[in-house]
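A.B. asks: First the structure, which I've put down as structure tokens, then a few questions once you've had a look.
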Protein chains: 2
Amino acid sequence: MSVEDAVGRLRDLAGLRRRVHGTAAEVAADALRELIMEGGLRPGDRVIEESLLGPLEVSRNTLREAFRLLAHEKLVEHKVNRGVFVRTLTAADVRDLFTVRVLIELTALRRSREADWTAMSQAVAKGKACARAHDWLGVGTANMRFHKAIVASVGSARLDELMDQLTAELRLGFHEMGDPRAFHEKYLTRNAGIVDAVAGGDVEGAVGLLHEYLDDAEAEMLAAFSSDR
Amino acid sequence: MSVEDAVGRLRDLAGLRRRVHGTAAEVAADALRELIMEGGLRPGDRVIEESLLGPLEVSRNTLREAFRLLAHEKLVEHKVNRGVFVRTLTAADVRDLFTVRVLIELTALRRSREADWTAMSQAVAKGKACARAHDWLGVGTANMRFHKAIVASVGSARLDELMDQLTAELRLGFHEMGDPRAFHEKYLTRNAGIVDAVAGGDVEGAVGLLHEYLDDAEAEMLAAFSSDR
DNA sequence: AACCGTAGGATTGTTGAACGATCCTCTAAC
DNA sequence: GTTAGAGGATCGTTCAACAATCCTACGGTT
């Protein structure tokens with residue numbers, strides 16, 4: 001996406017949200033977040049304040065508040081006197097993210113009950129639908145939703161919030177990897193396997209499958225990161 | 001602490017930090033955070049922008065950036081068009097905080113190794129020293145450090161950060177409870193028991209003790225919360 | 001040619017004042 | 001007693017300006 005395209009897209013995103021919610025800073029942060037998720041701003045890109053004042057139609061102070069919000073979500077990095085940069089995941093970040101996921105998701109899956117399984121299987125179904133439509137980024141989104149559903153079975157608002165942040169960070173890494181189909185499609189069937197196992201009463205088997213899933217995904221991301229750095 | 005005292009303390013805190021750290025917003029946030037932790041601002045208190053501009057010697061925009069930082073740490077609540085308030089923990093918050101603690105700390109303790117135990121026992125020693133000096137808030141701080149040390153054995157930066165936030169939130173609740181000695185002192189010996197068990201090779205026994213500890217602490221806090229609300 | 005210090009420009013950090021928007025309170029009418 | 005509305009307090013946002021800092025490119029020295 002060219003810079004001009006990104007700027008235009010930003011104006012559209014800001015316009016859409018302006019009518020819906022909250023403060024100007026939140027609207028600006030929403031638009032920027034979406035642009036980053038779409039790939040319009042890539043990891044490592046510098047985000048210059050002045051270039052966004054026009055498209056977002058906010059003042060500099062408000063834009064800086066929006067930057068603070070995104071910095072807390074770890075989507076951008078704020079370097080004093082140097083500006084804001086779209087976050088670049090390191091191999092250490094990937095390892096840390098999966099360490100946390102393993103710790104939380106395995107325990108959450110053990111605690112899950114029947115009501116939680118339906119949310120999980122709905123996410124799998126959504127992923128299959130996206131795959132049939134060849135919407136591979138949609139498959140990735142559905143995969144994330146599946147894992148969020150696992151964590152949601154704990155019923156903790158703070159844990160849900162943590163998982164939201166972890167998935168947002170992981171998504172940054174997705175953009176740096178190659179073919180989205182090759183990366184996302186194969187995990188779809190594995191998710192289905194986990195649902196089947198847990199719904200069939202084999203909780204520990206499902207936990208084992210989930211652990212293998214996470215280890216494999218971590219290894220695949222790490223391989224991609226070490227190859228180009 | 002009177003309002004005038006709080007304002008004076010704030011000016012001192014800001015002056016101390018101004019020579020050390022980064023941006024003005026961070027300095028202001030540090031000073032406010034410390035004031036909240038010391039009890040100079042109590043849960044439910046409204047924090048009016050204008051009243052802090054003078055003591056902190058920052059502009060309104062900068063102060064608002066500081067508020068954003070504290071809001072993200074959940075130390076203050078930002079209500080649109082109504083201002084910022086020092087956060088008040090609800091019973092639901094307490095339950096959620098302990099749910100997360102149980103999930104993370106039990107797993108972390110299972111993974112701990114000898115190097116981690118020294119950090120844990122150092123925290124216990126620090127707590128005993130504070131108790132001898134009748135510094136009951138220091139005992140509470142040392143208790144928190146003990147639990148942070150448990151989580152640190154996972155070796156995850158994100159988990160450490162989460163634990164920092166959880167302890168900061170819990171501290172808000174401490175201020176609302178009565179006698180700090182009665183609340184903190186008895187947990188000191190239980191921490192020591194956990195260290196002894198894990199160092200003696202009885203990891204699962206230690207995990208059991210930790211679980212009981214957390215359940216009791218949660219019950220005690222919940223009892224205090226339901227009594228006055 | 002390689003190195004170093006130094007302008008100069010570009011960008012961020014911070015301030016102060018201003019004005020509109022929103023909420024709360026107090027009053028007055030019913 | 002309840003409701004409606006006016007007024008004041010406070011917040012949300014913008015704008016313009018200046019200070020502080022960083023990056024780059026230039027020129028001098030070895």
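The chains in the structure tokens are called A, B, ... from first to last as shown; in each chain the residues are counted from 1, and the ligands are counted from 1 in the order shown.
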Quick one: residues within 12 Å of range 203-206 of chain B, only C-alpha atoms (C1' of nucleotides), excluding same-chain residues fewer than 4 positions away - as a ChimeraX atom specification?
C.D. replies: /B:105-114,117,150,190-199,210-213
A.B. asks: Taking only C-alpha atoms into account, what are the residues of chain A at most 7 Å from chain B, put as JSON, numbers by chain?
C.D. replies: {"A": [65, 96, 100, 156, 159]}
A.B. asks: DSSP on the backbone, then: every residue of range 40-211 of chain A marked strand (DSSP E or B), written as a count of residues only.
C.D. replies: 10
A.B. asks: Select from chain C every residue with an atom at most 9 Å from any atom of chain A, then for each give the shortest pair of atoms and their distance in Å to one decimal, using only C-alpha atoms (C1' of nucleotides), rows by chain and rising number, as a tab-separated table.
C.D. replies:
```
residue	atom	partner	partner_atom	distance
C:DT11	C1'	A:Arg82	CA	7.5
C:DT12	C1'	A:Asn81	CA	5.0
C:DG13	C1'	A:Asn81	CA	7.2
```
A.B. asks: Could those selected residues go to a file with all heavy atoms, as an mmCIF file, in the first residue's frame?
C.D. replies:
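Saved to out-v1.cif:
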```cif
data_model
loop_
_atom_site.group_PDB
_atom_site.id
_atom_site.type_symbol
_atom_site.label_atom_id
_atom_site.label_comp_id
_atom_site.auth_asym_id
_atom_site.auth_seq_id
_atom_site.Cartn_x
_atom_site.Cartn_y
_atom_site.Cartn_z
ATOM 1 P P DT C 11 10.363 16.559 8.873
ATOM 2 O OP1 DT C 11 10.189 15.332 8.072
ATOM 3 O OP2 DT C 11 9.576 17.777 8.581
ATOM 4 O "O5'" DT C 11 10.134 16.183 10.402
ATOM 5 C "C5'" DT C 11 10.969 15.207 11.000
ATOM 6 C "C4'" DT C 11 10.834 15.252 12.499
ATOM 7 O "O4'" DT C 11 11.471 16.443 13.008
ATOM 8 C "C3'" DT C 11 9.382 15.318 13.002
ATOM 9 O "O3'" DT C 11 9.096 14.122 13.712
ATOM 10 C "C2'" DT C 11 9.335 16.545 13.902
ATOM 11 C "C1'" DT C 11 10.817 16.815 14.193
ATOM 12 N N1 DT C 11 11.136 18.229 14.464
ATOM 13 C C2 DT C 11 11.802 18.547 15.623
ATOM 14 O O2 DT C 11 12.139 17.711 16.440
ATOM 15 N N3 DT C 11 12.058 19.884 15.785
ATOM 16 C C4 DT C 11 11.711 20.917 14.933
ATOM 17 O O4 DT C 11 11.998 22.074 15.200
ATOM 18 C C5 DT C 11 11.018 20.518 13.750
ATOM 19 C C7 DT C 11 10.598 21.553 12.735
ATOM 20 C C6 DT C 11 10.766 19.207 13.566
ATOM 21 P P DT C 12 7.651 13.949 14.455
ATOM 22 O OP1 DT C 12 7.268 12.544 14.260
ATOM 23 O OP2 DT C 12 6.755 15.045 14.060
ATOM 24 O "O5'" DT C 12 8.038 14.160 15.991
ATOM 25 C "C5'" DT C 12 9.120 13.426 16.540
ATOM 26 C "C4'" DT C 12 9.574 14.044 17.847
ATOM 27 O "O4'" DT C 12 9.919 15.431 17.644
ATOM 28 C "C3'" DT C 12 8.512 14.037 18.962
ATOM 29 O "O3'" DT C 12 9.117 13.605 20.165
ATOM 30 C "C2'" DT C 12 8.070 15.487 19.034
ATOM 31 C "C1'" DT C 12 9.351 16.203 18.671
ATOM 32 N N1 DT C 12 9.167 17.590 18.177
ATOM 33 C C2 DT C 12 9.741 18.627 18.862
ATOM 34 O O2 DT C 12 10.387 18.473 19.873
ATOM 35 N N3 DT C 12 9.522 19.871 18.305
ATOM 36 C C4 DT C 12 8.814 20.164 17.164
ATOM 37 O O4 DT C 12 8.688 21.322 16.764
ATOM 38 C C5 DT C 12 8.231 19.028 16.495
ATOM 39 C C7 DT C 12 7.440 19.231 15.237
ATOM 40 C C6 DT C 12 8.434 17.816 17.023
ATOM 41 P P DG C 13 8.231 13.445 21.516
ATOM 42 O OP1 DG C 13 8.796 12.347 22.316
ATOM 43 O OP2 DG C 13 6.820 13.401 21.088
ATOM 44 O "O5'" DG C 13 8.488 14.813 22.285
ATOM 45 C "C5'" DG C 13 9.707 14.986 23.001
ATOM 46 C "C4'" DG C 13 9.610 16.157 23.971
ATOM 47 O "O4'" DG C 13 9.465 17.380 23.204
ATOM 48 C "C3'" DG C 13 8.417 16.101 24.925
ATOM 49 O "O3'" DG C 13 8.840 16.547 26.217
ATOM 50 C "C2'" DG C 13 7.416 17.042 24.290
ATOM 51 C "C1'" DG C 13 8.324 18.086 23.634
ATOM 52 N N9 DG C 13 7.760 18.727 22.453
ATOM 53 C C8 DG C 13 7.176 18.119 21.373
ATOM 54 N N7 DG C 13 6.778 18.966 20.454
ATOM 55 C C5 DG C 13 7.116 20.216 20.960
ATOM 56 C C6 DG C 13 6.931 21.513 20.418
ATOM 57 O O6 DG C 13 6.414 21.831 19.342
ATOM 58 N N1 DG C 13 7.430 22.509 21.267
ATOM 59 C C2 DG C 13 8.017 22.269 22.481
ATOM 60 N N2 DG C 13 8.428 23.337 23.169
ATOM 61 N N3 DG C 13 8.205 21.056 23.008
ATOM 62 C C4 DG C 13 7.731 20.086 22.196
#
```
A.B. asks: Hey, can you check how far C1' of DA25 in chain D sits from C1' of DC4 in chain C?
C.D. replies: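 Here the two named atoms are 13.5 Å from each other.
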A.B. asks: Where in range 60-214 of chain A does DSSP assign helix (DSSP H, G or I), given as a PyMOL selection string?
C.D. replies: chain A and resi 60-72+91-111+114-132+136-152+157-175+180-199+203-214
A.B. asks: Hey, list the chain D side of the contact with chain A: 12 Å cut-off, only C-alpha atoms (C1' of nucleotides), answer as a list of chain:residue names.
C.D. replies: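 Putting it all together, I get D:DC11, D:DG12, D:DT13, D:DT14, D:DC15, D:DA16, D:DA20, D:DT21, D:DC22, D:DC23.
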A.B. asks: By how many Å are CA of Ala224 in chain A and CA of Lys74 in chain A apart?
C.D. replies: 21.0 Å
